[in-house]
Every structure is written in structure tokens, then in C-alpha cells.
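So this block is structure-v2.cif, mmCIF, C-alpha atoms and all ligand atoms:
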data_model
#
loop_
_atom_site.label_atom_id
_atom_site.label_comp_id
_atom_site.auth_asym_id
_atom_site.auth_seq_id
_atom_site.Cartn_x
_atom_site.Cartn_y
_atom_site.Cartn_z
CA MET A 1095 1.45 22.15 -25.92
CA THR A 1096 2.96 21.29 -22.55
CA PHE A 1097 4.29 24.23 -20.54
CA ALA A 1098 7.79 23.14 -19.49
CA ALA A 1099 9.03 24.42 -16.13
CA THR A 1100 12.69 23.88 -15.30
CA VAL A 1101 13.93 24.89 -11.86
CA LEU A 1102 17.64 25.27 -11.14
CA THR A 1103 18.04 24.88 -7.39
CA LEU A 1104 20.18 23.57 -4.54
CA TYR A 1105 17.02 22.07 -3.00
CA PRO A 1106 15.17 20.01 -5.66
CA GLU A 1107 13.28 18.24 -2.87
CA MET A 1108 11.22 21.43 -2.39
CA PHE A 1109 9.43 20.67 -5.71
CA PRO A 1110 6.69 20.13 -6.73
CA GLY A 1111 5.69 20.84 -3.12
CA PRO A 1112 2.37 22.72 -3.20
CA LEU A 1113 2.30 22.40 -7.00
CA GLY A 1114 1.78 18.67 -6.64
CA VAL A 1115 -1.77 19.06 -5.32
CA SER A 1116 -5.08 20.69 -6.29
CA LEU A 1117 -5.34 22.56 -9.62
CA ALA A 1118 -1.62 22.48 -10.44
CA GLY A 1119 -1.15 18.86 -9.37
CA ARG A 1120 -4.12 17.72 -11.47
CA ALA A 1121 -2.92 19.75 -14.45
CA ARG A 1122 0.51 18.14 -14.19
CA ASP A 1123 -1.03 14.65 -14.04
CA GLU A 1124 -2.98 15.57 -17.19
CA GLY A 1125 0.22 16.65 -18.98
CA LYS A 1126 -0.70 20.36 -19.19
CA TRP A 1127 2.65 21.29 -17.68
CA SER A 1128 5.85 19.47 -16.83
CA LEU A 1129 8.46 20.03 -14.16
CA GLU A 1130 12.16 19.27 -14.17
CA THR A 1131 14.40 20.19 -11.26
CA VAL A 1132 18.11 20.57 -11.87
CA GLN A 1133 20.57 20.30 -8.98
CA MET A 1134 22.95 23.24 -9.47
CA ARG A 1135 25.60 21.44 -7.45
CA ASP A 1136 25.95 18.92 -10.30
CA PHE A 1137 27.61 21.70 -12.32
CA ALA A 1138 30.32 22.49 -9.77
CA ILE A 1139 33.84 22.08 -11.07
CA ASP A 1140 35.70 20.92 -7.95
CA LYS A 1141 35.59 17.64 -6.06
CA HIS A 1142 33.78 19.26 -3.11
CA ARG A 1143 30.94 20.33 -5.47
CA THR A 1144 31.28 23.96 -4.38
CA VAL A 1145 28.69 26.37 -5.79
CA ASP A 1146 29.52 29.53 -3.84
CA ASP A 1147 32.42 31.66 -2.72
CA THR A 1148 33.12 34.70 -0.54
CA PRO A 1149 31.96 38.13 -1.78
CA ALA A 1150 34.52 40.18 -3.69
CA GLY A 1151 35.33 43.25 -1.61
CA GLY A 1152 34.57 41.43 1.64
CA GLY A 1153 31.44 41.26 3.76
CA ALA A 1154 29.15 38.64 5.18
CA GLY A 1155 27.73 35.59 3.44
CA MET A 1156 28.49 33.71 0.27
CA VAL A 1157 27.73 34.35 -3.39
CA LEU A 1158 26.68 31.83 -6.07
CA ARG A 1159 29.46 31.48 -8.64
CA ALA A 1160 28.80 32.67 -12.21
CA ASP A 1161 30.66 29.76 -13.83
CA VAL A 1162 28.57 27.15 -12.00
CA LEU A 1163 25.32 29.01 -12.70
CA ALA A 1164 26.24 29.39 -16.38
CA ALA A 1165 26.85 25.66 -16.79
CA ALA A 1166 23.45 24.89 -15.22
CA ILE A 1167 21.70 27.47 -17.42
CA ASP A 1168 23.42 26.16 -20.57
CA TYR A 1169 22.23 22.66 -19.73
CA ALA A 1170 18.62 23.86 -19.29
CA ARG A 1171 18.76 25.99 -22.46
CA THR A 1172 19.83 23.02 -24.55
CA ALA A 1173 16.63 21.22 -23.58
CA HIS A 1174 14.36 24.30 -23.70
CA PRO A 1175 15.92 26.92 -25.99
CA ASP A 1176 12.70 28.98 -26.22
CA ALA A 1177 12.05 29.27 -22.48
CA PRO A 1178 13.06 32.58 -20.89
CA VAL A 1179 15.50 32.22 -18.00
CA ILE A 1180 14.34 34.04 -14.89
CA ALA A 1181 16.36 34.57 -11.72
CA MET A 1182 14.36 35.11 -8.54
CA THR A 1183 15.90 38.05 -6.69
CA PRO A 1184 14.64 40.92 -4.51
CA ARG A 1185 16.71 43.21 -6.78
CA GLY A 1186 14.58 42.23 -9.80
CA LYS A 1187 11.61 43.83 -11.52
CA PRO A 1188 8.46 43.24 -9.45
CA LEU A 1189 6.38 40.41 -10.90
CA THR A 1190 3.07 41.50 -12.42
CA GLN A 1191 0.01 39.65 -13.64
CA ALA A 1192 0.77 41.00 -17.13
CA ARG A 1193 4.20 39.31 -17.12
CA VAL A 1194 2.66 36.12 -15.73
CA ARG A 1195 0.18 36.12 -18.63
CA GLU A 1196 2.99 36.53 -21.16
CA LEU A 1197 4.94 33.66 -19.60
CA ALA A 1198 1.88 31.41 -19.46
CA ALA A 1199 1.30 32.00 -23.19
CA GLY A 1200 4.81 30.75 -23.99
CA HIS A 1201 6.53 27.36 -24.11
CA GLY A 1202 7.65 27.40 -20.49
CA VAL A 1203 10.15 29.00 -18.16
CA THR A 1204 13.52 28.20 -16.63
CA ILE A 1205 13.87 29.53 -13.08
CA LEU A 1206 17.08 30.14 -11.21
CA CYS A 1207 16.72 29.98 -7.41
CA GLY A 1208 19.23 31.95 -5.37
CA ARG A 1209 20.55 31.17 -1.89
CA PHE A 1210 22.99 32.87 0.50
CA GLU A 1211 23.67 36.48 -0.59
CA GLY A 1212 22.48 35.73 -4.11
CA PHE A 1213 24.08 35.53 -7.57
CA ASP A 1214 27.34 36.80 -9.02
CA GLU A 1215 26.02 39.82 -10.93
CA ARG A 1216 27.86 38.88 -14.14
CA ILE A 1217 25.49 35.98 -14.80
CA PHE A 1218 22.59 38.30 -15.75
CA ALA A 1219 24.26 39.88 -18.77
CA GLY A 1220 26.44 36.85 -19.48
CA ARG A 1221 23.44 34.53 -20.02
CA GLN A 1222 20.58 36.97 -20.75
CA VAL A 1223 18.80 36.29 -17.47
CA GLU A 1224 15.70 38.28 -16.47
CA GLU A 1225 15.69 39.35 -12.80
CA VAL A 1226 12.30 39.09 -11.11
CA SER A 1227 11.18 39.89 -7.57
CA ILE A 1228 7.98 38.65 -5.95
CA GLY A 1229 7.75 41.66 -3.63
CA ASP A 1230 9.61 43.95 -1.27
CA ILE A 1231 10.48 41.20 1.16
CA VAL A 1232 13.59 39.05 1.62
CA LEU A 1233 13.18 35.27 1.54
CA SER A 1234 15.91 32.86 2.54
CA GLY A 1235 15.92 31.31 -0.93
CA GLY A 1236 14.43 31.59 -4.41
CA GLU A 1237 12.45 28.34 -4.18
CA PRO A 1238 9.26 29.75 -2.57
CA ALA A 1239 9.40 32.60 -5.10
CA ALA A 1240 9.71 30.08 -7.95
CA LEU A 1241 6.72 28.15 -6.61
CA MET A 1242 4.69 31.38 -6.58
CA LEU A 1243 5.67 32.30 -10.11
CA LEU A 1244 4.86 28.82 -11.41
CA ASP A 1245 1.55 28.67 -9.55
CA ALA A 1246 0.49 31.98 -11.11
CA CYS A 1247 1.41 30.74 -14.61
CA ILE A 1248 -0.07 27.24 -14.32
CA ARG A 1249 -3.56 28.40 -13.34
CA LEU A 1250 -3.68 30.42 -16.59
CA LEU A 1251 -2.75 27.50 -18.88
CA PRO A 1252 -5.57 26.42 -21.21
CA GLY A 1253 -7.99 24.04 -19.53
CA VAL A 1254 -6.54 24.38 -16.01
CA MET A 1255 -9.20 26.63 -14.49
CA GLY A 1256 -12.82 25.53 -14.50
CA ALA A 1257 -14.98 28.23 -16.10
CA PRO A 1258 -13.30 30.04 -19.02
CA SER A 1259 -14.30 33.40 -17.48
CA SER A 1260 -12.67 32.70 -14.11
CA GLY A 1261 -9.47 34.67 -14.14
CA SER A 1262 -10.52 37.46 -16.47
CA GLU A 1263 -12.30 39.41 -13.70
CA GLU A 1264 -9.69 38.80 -11.04
CA SER A 1265 -7.49 41.31 -9.27
CA PHE A 1266 -4.91 43.02 -11.53
CA GLU A 1267 -6.40 41.67 -14.79
CA ASN A 1268 -7.89 45.09 -15.56
CA GLY A 1269 -5.46 47.05 -13.41
CA LEU A 1270 -7.81 47.01 -10.40
CA LEU A 1271 -8.42 44.84 -7.33
CA GLU A 1272 -11.36 42.51 -7.67
CA TYR A 1273 -14.68 43.31 -5.95
CA PRO A 1274 -15.43 41.54 -2.62
CA HIS A 1275 -17.20 38.16 -2.54
CA TYR A 1276 -19.92 36.75 -0.27
CA THR A 1277 -21.67 33.40 0.06
CA ARG A 1278 -24.23 31.70 2.30
CA PRO A 1279 -25.37 32.09 5.04
CA GLN A 1280 -27.16 35.30 4.08
CA GLU A 1281 -26.62 36.59 7.60
CA TRP A 1282 -23.60 35.69 9.73
CA GLU A 1283 -22.99 37.06 13.24
CA GLY A 1284 -25.34 39.95 12.49
CA ARG A 1285 -23.63 40.83 9.19
CA ALA A 1286 -25.76 40.58 6.06
CA ILE A 1287 -24.73 40.10 2.45
CA PRO A 1288 -25.15 43.44 0.58
CA GLU A 1289 -28.77 43.76 -0.55
CA VAL A 1290 -27.90 44.33 -4.21
CA LEU A 1291 -26.27 40.88 -4.49
CA ARG A 1292 -29.59 39.32 -3.52
CA SER A 1293 -31.62 41.42 -5.98
CA GLY A 1294 -31.19 39.16 -9.03
CA ASP A 1295 -30.71 42.32 -11.12
CA HIS A 1296 -27.58 41.50 -13.13
CA ALA A 1297 -27.00 45.02 -14.40
CA LYS A 1298 -27.20 46.46 -10.88
CA ILE A 1299 -24.90 43.75 -9.56
CA ALA A 1300 -22.34 44.44 -12.29
CA ALA A 1301 -22.46 48.18 -11.55
CA TRP A 1302 -22.05 47.56 -7.79
CA ARG A 1303 -19.09 45.25 -8.37
CA LYS A 1304 -17.39 47.75 -10.68
CA SER A 1305 -17.86 50.52 -8.15
CA GLN A 1306 -16.57 48.37 -5.23
CA SER A 1307 -13.57 47.35 -7.27
CA GLU A 1308 -12.75 51.02 -7.91
CA ILE A 1309 -13.33 52.11 -4.30
CA ASP A 1310 -11.21 49.29 -2.86
CA THR A 1311 -8.37 49.89 -5.31
CA ARG A 1312 -8.38 53.63 -4.54
CA LEU A 1313 -8.29 53.00 -0.77
CA ARG A 1314 -6.06 49.93 -0.55
CA ARG A 1315 -3.71 50.38 -3.49
CA PRO A 1316 -3.35 54.05 -4.42
CA ASP A 1317 -0.35 53.05 -6.58
CA LEU A 1318 -2.54 50.81 -8.77
CA TRP A 1319 -5.32 53.39 -8.87
CA GLU A 1320 -2.96 56.12 -10.03
CA ARG A 1321 -1.64 53.88 -12.81
CA HIS A 1322 -5.18 52.88 -13.80
CA GLU A 1323 -6.32 56.51 -13.97
CA GLY A 1324 -3.15 57.47 -15.84
CA ALA A 1325 -3.82 54.76 -18.44
CA ARG A 1326 -7.39 56.06 -18.88
CA VAL A 1327 -6.31 59.59 -19.77
CA LEU A 1328 -3.26 58.50 -21.79
CA PRO A 1329 -4.37 56.34 -24.75
CA ALA A 1330 -2.01 53.74 -26.24
CA SER A 1331 -0.85 56.17 -28.97
CA GLY A 1332 0.66 58.32 -26.20
CA ALA A 1333 -1.41 61.38 -27.21
CA ARG A 1334 -2.95 62.96 -24.10
CA ARG A 1335 -6.74 63.06 -24.19
CA GLU A 1336 -8.70 65.68 -22.24
CA LYS A 1337 -9.89 64.23 -18.93
CA LYS A 1338 -13.60 64.86 -18.30
CA ASP A 1339 -14.62 65.63 -14.70
N1 LIG B 1 21.40 39.59 -0.48
C1 LIG B 1 20.18 39.62 -1.21
C2 LIG B 1 19.62 41.04 -1.21
O1 LIG B 1 19.69 41.69 -0.17
O2 LIG B 1 19.08 41.47 -2.25
C3 LIG B 1 19.13 38.67 -0.61
C4 LIG B 1 19.47 37.24 -0.80
S1 LIG B 1 18.21 36.18 -0.19
C5 LIG B 1 18.69 35.93 1.45
C6 LIG B 1 18.57 34.64 -0.96
C7 LIG B 1 17.79 34.34 -2.22
O3 LIG B 1 16.39 34.32 -1.93
C8 LIG B 1 17.93 35.33 -3.35
O4 LIG B 1 19.11 35.14 -4.12
C9 LIG B 1 16.68 35.06 -4.16
O5 LIG B 1 16.85 33.97 -5.03
C10 LIG B 1 15.66 34.69 -3.09
N2 LIG B 1 14.77 35.83 -2.75
C11 LIG B 1 14.75 36.51 -1.59
N3 LIG B 1 13.82 37.47 -1.61
C12 LIG B 1 13.23 37.42 -2.83
C13 LIG B 1 12.22 38.17 -3.45
N4 LIG B 1 11.61 39.18 -2.84
N5 LIG B 1 11.87 37.85 -4.72
C14 LIG B 1 12.47 36.83 -5.37
N6 LIG B 1 13.45 36.07 -4.81
C15 LIG B 1 13.83 36.36 -3.56
#
Reformat the file's structure so that it appears as C-alpha cells.
Ligand code: SAM
Amino acid sequence: MTFAATVLTLYPEMFPGPLGVSLAGRARDEGKWSLETVQMRDFAIDKHRTVDDTPAGGGAGMVLRADVLAAAIDYARTAHPDAPVIAMTPRGKPLTQARVRELAAGHGVTILCGRFEGFDERIFAGRQVEEVSIGDIVLSGGEPAALMLLDACIRLLPGVMGAPSSGSEESFENGLLEYPHYTRPQEWEGRAIPEVLRSGDHAKIAAWRKSQSEIDTRLRRPDLWERHEGARVLPASGARREKKD
């Protein structure tokens, strides 16, 4: 099955961009995923091909019109009825590796890229659009966010990554950051690779990596650590289990 990515944008020339090289570029050449860009301006209804208008209530900037967005979404949905439609917006739900995995397991995704002040709010309920943010930052447009989302999905498609295990141990896959990596030279500028990684003892190495992953998550991402610990004491059934010290 080919994962079909459709990107609704005012700047189709930004694609495939970085997705045209390396892992993603090769995978596209091999037919593992496809990309269609749709120029939103083609769905404008006036002779000037206007896609935006001034914000209701006043204020700076321009807002993407719901009627133009709806026509572009309807066009994409006709071709890919099973693909979820995702709008990139800082007001959306933060993107997670779990959501990326779900998307990568599906038929594809249709992505709406905002510009200016963003979208007319009515489009989200009017066309069942999921709002997704790539972090607590403000970009000038949704295109770099769409590239990030697609990159994260494409690397998980069957046959895209080399070893089948690569990916399963990575950051966020088990709710933790990954352990740190080292490679040759064994000593660099007076800094040595941790002894245990040179021991050849696979059990010890696995234990060290697990412990580093936990320490780094606790120190660098207390939010992830708290969620991880919470999930450990609260089994899926929702019944609270006694936490052992
Ligand atoms: N006025 C909007 C706000 O304050 O929430 C910001 C609009 S931003 C300048 C223009 C477009 O960039 C957005 O419509 C969205 O598509 C994209 N964008 C900006 N930051 C983003 C983020 N953190 N995640 C996803 N998309 C983002």
C-alpha cells in the first residue's frame, strides 16, 4: 500500500523539499509513499484568486477564508476519502510519536498549511479537520510543520528504515528519551566512551542504557517522566495499583 500525502498550500514549490532526498526521497522513488500538492489559490472564487480576508472584529493580519479552504479539502477528500485531514496550527493538539504511528499505519494524510493569521475557525467543525501543533513556537507558515509531520510518518512506513528494530528503541516510543550514543574513536579530546559499552556484556549494556534513558528523561523532560511514572502505577483498566518503593 502506498501512503498518500496530500498537501494543501499556497506554496507548493516548498515540496518535496527535504523529503526529496535521503530516506524519504528513496522511499518515494520506490513507491512507498506519494505526494500531491494542491494550490489552495485554485479554489478561490473571485478573479483575483483571493484566499484571505481581514479578521472579523478587526486587528492585524489576514485570515484564510473557510469557503476557499472547504473547496480545497473537498477536492482532496474525493481523491483520498480515508485520509484524515490535519491542519497545522499552534492552537492544535501537540503532535506525539503515538499519533505519528497511528497516521503511518493508515492510508495517508491530507495536510492543510496555514499562512497569515491562520484559518477561519469554522473550517475545523465544518469539514472535520484535526488541529495539530508541532510545538510551542510560531512559524510563518504551516509548510515546515507539514514537512516535519510527513518526515516522522514516512520513516515508519514498512521497509523505509534499514533494520526492523531501528525505531522501536527511539525516544518517545516507550514514553522515555533514548539513551545516549557513542562511536569511534574510543577517546576524543580526553573524553572516553563509557567503559560498560566496551565490555561486550550485552545484559550489562542493556541495563546501563535503560538506566541512562530513565535518568535523562527525569532530568531533561520531567513532564514525560511524570507521565511515564503515572502510566506505571495506573494500569490500562484504570484501577490504581499499589506503587512499591
Ligand atoms: N495567529 C496564529 C496564532 O497565533 O496562533 C499564528 C499563525 S502563523 C504566523 C501562520 C501559520 O503557520 C499557521 O496558520 C500554521 O499553519 C503555521 N504554524 C505556525 N506555528 C505552528 C506550529 N507551532 N505548529 C503547526 N503549525 C504552525
Using only C-alpha atoms, find each residue in stretch 1153-1221 of chain A having at least one atom no more than 8 Å away from stretch 1125-1144 of chain A; report its shortest atom-to-atom pair and that distance in Å (one decimal), rows by chain then rising number, as JSON lines.
{"residue": "A:Val1162", "atom": "CA", "partner": "A:Ala1138", "partner_atom": "CA", "distance": 5.5}
{"residue": "A:Leu1163", "atom": "CA", "partner": "A:Met1134", "partner_atom": "CA", "distance": 7.0}
{"residue": "A:Ala1165", "atom": "CA", "partner": "A:Phe1137", "partner_atom": "CA", "distance": 6.0}
{"residue": "A:Ala1166", "atom": "CA", "partner": "A:Phe1137", "partner_atom": "CA", "distance": 6.0}
Selection within 12 Å of ligand LIG 1 (chain B) by all atoms listed in the file, output as a CSV table (one decimal) with C-alpha atoms, keeping the file's coordinate frame:
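Everything below was put into out_4.csv:
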chain,number,residue,atom,x,y,z
A,1101,VAL,CA,13.9,24.9,-11.9
A,1102,LEU,CA,17.6,25.3,-11.1
A,1103,THR,CA,18.0,24.9,-7.4
A,1104,LEU,CA,20.2,23.6,-4.5
A,1146,ASP,CA,29.5,29.5,-3.8
A,1149,PRO,CA,32.0,38.1,-1.8
A,1153,GLY,CA,31.4,41.3,3.8
A,1154,ALA,CA,29.2,38.6,5.2
A,1155,GLY,CA,27.7,35.6,3.4
A,1156,MET,CA,28.5,33.7,0.3
A,1157,VAL,CA,27.7,34.4,-3.4
A,1158,LEU,CA,26.7,31.8,-6.1
A,1159,ARG,CA,29.5,31.5,-8.6
A,1180,ILE,CA,14.3,34.0,-14.9
A,1181,ALA,CA,16.4,34.6,-11.7
A,1182,MET,CA,14.4,35.1,-8.5
A,1183,THR,CA,15.9,38.0,-6.7
A,1184,PRO,CA,14.6,40.9,-4.5
A,1185,ARG,CA,16.7,43.2,-6.8
A,1186,GLY,CA,14.6,42.2,-9.8
A,1187,LYS,CA,11.6,43.8,-11.5
A,1188,PRO,CA,8.5,43.2,-9.4
A,1189,LEU,CA,6.4,40.4,-10.9
A,1205,ILE,CA,13.9,29.5,-13.1
A,1206,LEU,CA,17.1,30.1,-11.2
A,1207,CYS,CA,16.7,30.0,-7.4
A,1208,GLY,CA,19.2,32.0,-5.4
A,1209,ARG,CA,20.6,31.2,-1.9
A,1210,PHE,CA,23.0,32.9,0.5
A,1211,GLU,CA,23.7,36.5,-0.6
A,1212,GLY,CA,22.5,35.7,-4.1
A,1213,PHE,CA,24.1,35.5,-7.6
A,1214,ASP,CA,27.3,36.8,-9.0
A,1215,GLU,CA,26.0,39.8,-10.9
A,1224,GLU,CA,15.7,38.3,-16.5
A,1225,GLU,CA,15.7,39.4,-12.8
A,1226,VAL,CA,12.3,39.1,-11.1
A,1227,SER,CA,11.2,39.9,-7.6
A,1228,ILE,CA,8.0,38.6,-6.0
A,1229,GLY,CA,7.8,41.7,-3.6
A,1230,ASP,CA,9.6,44.0,-1.3
A,1231,ILE,CA,10.5,41.2,1.2
A,1232,VAL,CA,13.6,39.0,1.6
A,1233,LEU,CA,13.2,35.3,1.5
A,1234,SER,CA,15.9,32.9,2.5
A,1235,GLY,CA,15.9,31.3,-0.9
A,1236,GLY,CA,14.4,31.6,-4.4
A,1237,GLU,CA,12.4,28.3,-4.2
A,1238,PRO,CA,9.3,29.8,-2.6
A,1239,ALA,CA,9.4,32.6,-5.1
A,1240,ALA,CA,9.7,30.1,-8.0
A,1241,LEU,CA,6.7,28.2,-6.6
A,1242,MET,CA,4.7,31.4,-6.6
A,1243,LEU,CA,5.7,32.3,-10.1
Among the residues A:Gly1253, A:Gly1111, A:Pro1175, A:Gly1220, the one that comes closest to A:Met1095 [using only C-alpha atoms]: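 Of A:Gly1253, A:Gly1111, A:Pro1175, A:Gly1220, the one nearest A:Met1095, counting only C-alpha atoms, is A:Gly1253.
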To one decimal in Å, tell me the separation between atom CA of A:Val1145 and atom CA of A:Asp1245.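 Separation of atom CA of A:Val1145 and atom CA of A:Asp1245: 27.5 Å.
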Contact check, stretch 1250-1320 of chain A to stretch 1112-1122 of chain A, at most 9 Å, counting all atoms listed in the file, closest pairs as a tab-separated table:
residue	atom	partner	partner_atom	distance
A:Leu1251	CA	A:Ala1121	CA	8.9
A:Gly1253	CA	A:Ala1121	CA	8.4
A:Val1254	CA	A:Ala1121	CA	6.1
A:Met1255	CA	A:Leu1117	CA	7.4
Name the residues in contact with stretch 1269-1275 of chain A at a cut-off of 8 Å, using all atoms listed in the file, excluding same-chain residues fewer than 4 positions from it; report them as an MDAnalysis selection string. chainID A and resid 1263:1265 1303:1304 1306:1308 1310:1311 1318:1319 1321:1322
d(atom CA of A:Arg1171, atom CA of A:Tyr1105) in Å: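 Going from atom CA of A:Arg1171 over to atom CA of A:Tyr1105, I get 19.9 Å.
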Report, in Å with one decimal, the straight-line distance from atom CA of A:His1296 to atom CA of A:Arg1314.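 For atom CA of A:His1296 relative to atom CA of A:Arg1314, the distance reads 26.3 Å.
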Point out the residue among A:Ile1217, A:Leu1244, A:Ala1199, A:Val1194 with the least atom-to-atom distance to A:Ile1167, counting all atoms listed in the file. A:Ile1217
If you take every atom of stretch 1279-1289 of chain A that the file lists and fit an axis-aligned box around them with 4 Å extra on each side, what centre and edge lengths come out in Å to one decimal, as JSON?
{"center_x": -25.9, "center_y": 37.9, "center_z": 6.3, "size_x": 13.8, "size_y": 19.7, "size_z": 21.8}
Of the listed residues A:Ile1299, A:Arg1292, A:Gly1152, A:Phe1266, that which approaches A:Arg1278 most closely, counting all atoms listed in the file: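 Closest residue, counting all atoms listed in the file: A:Arg1292.
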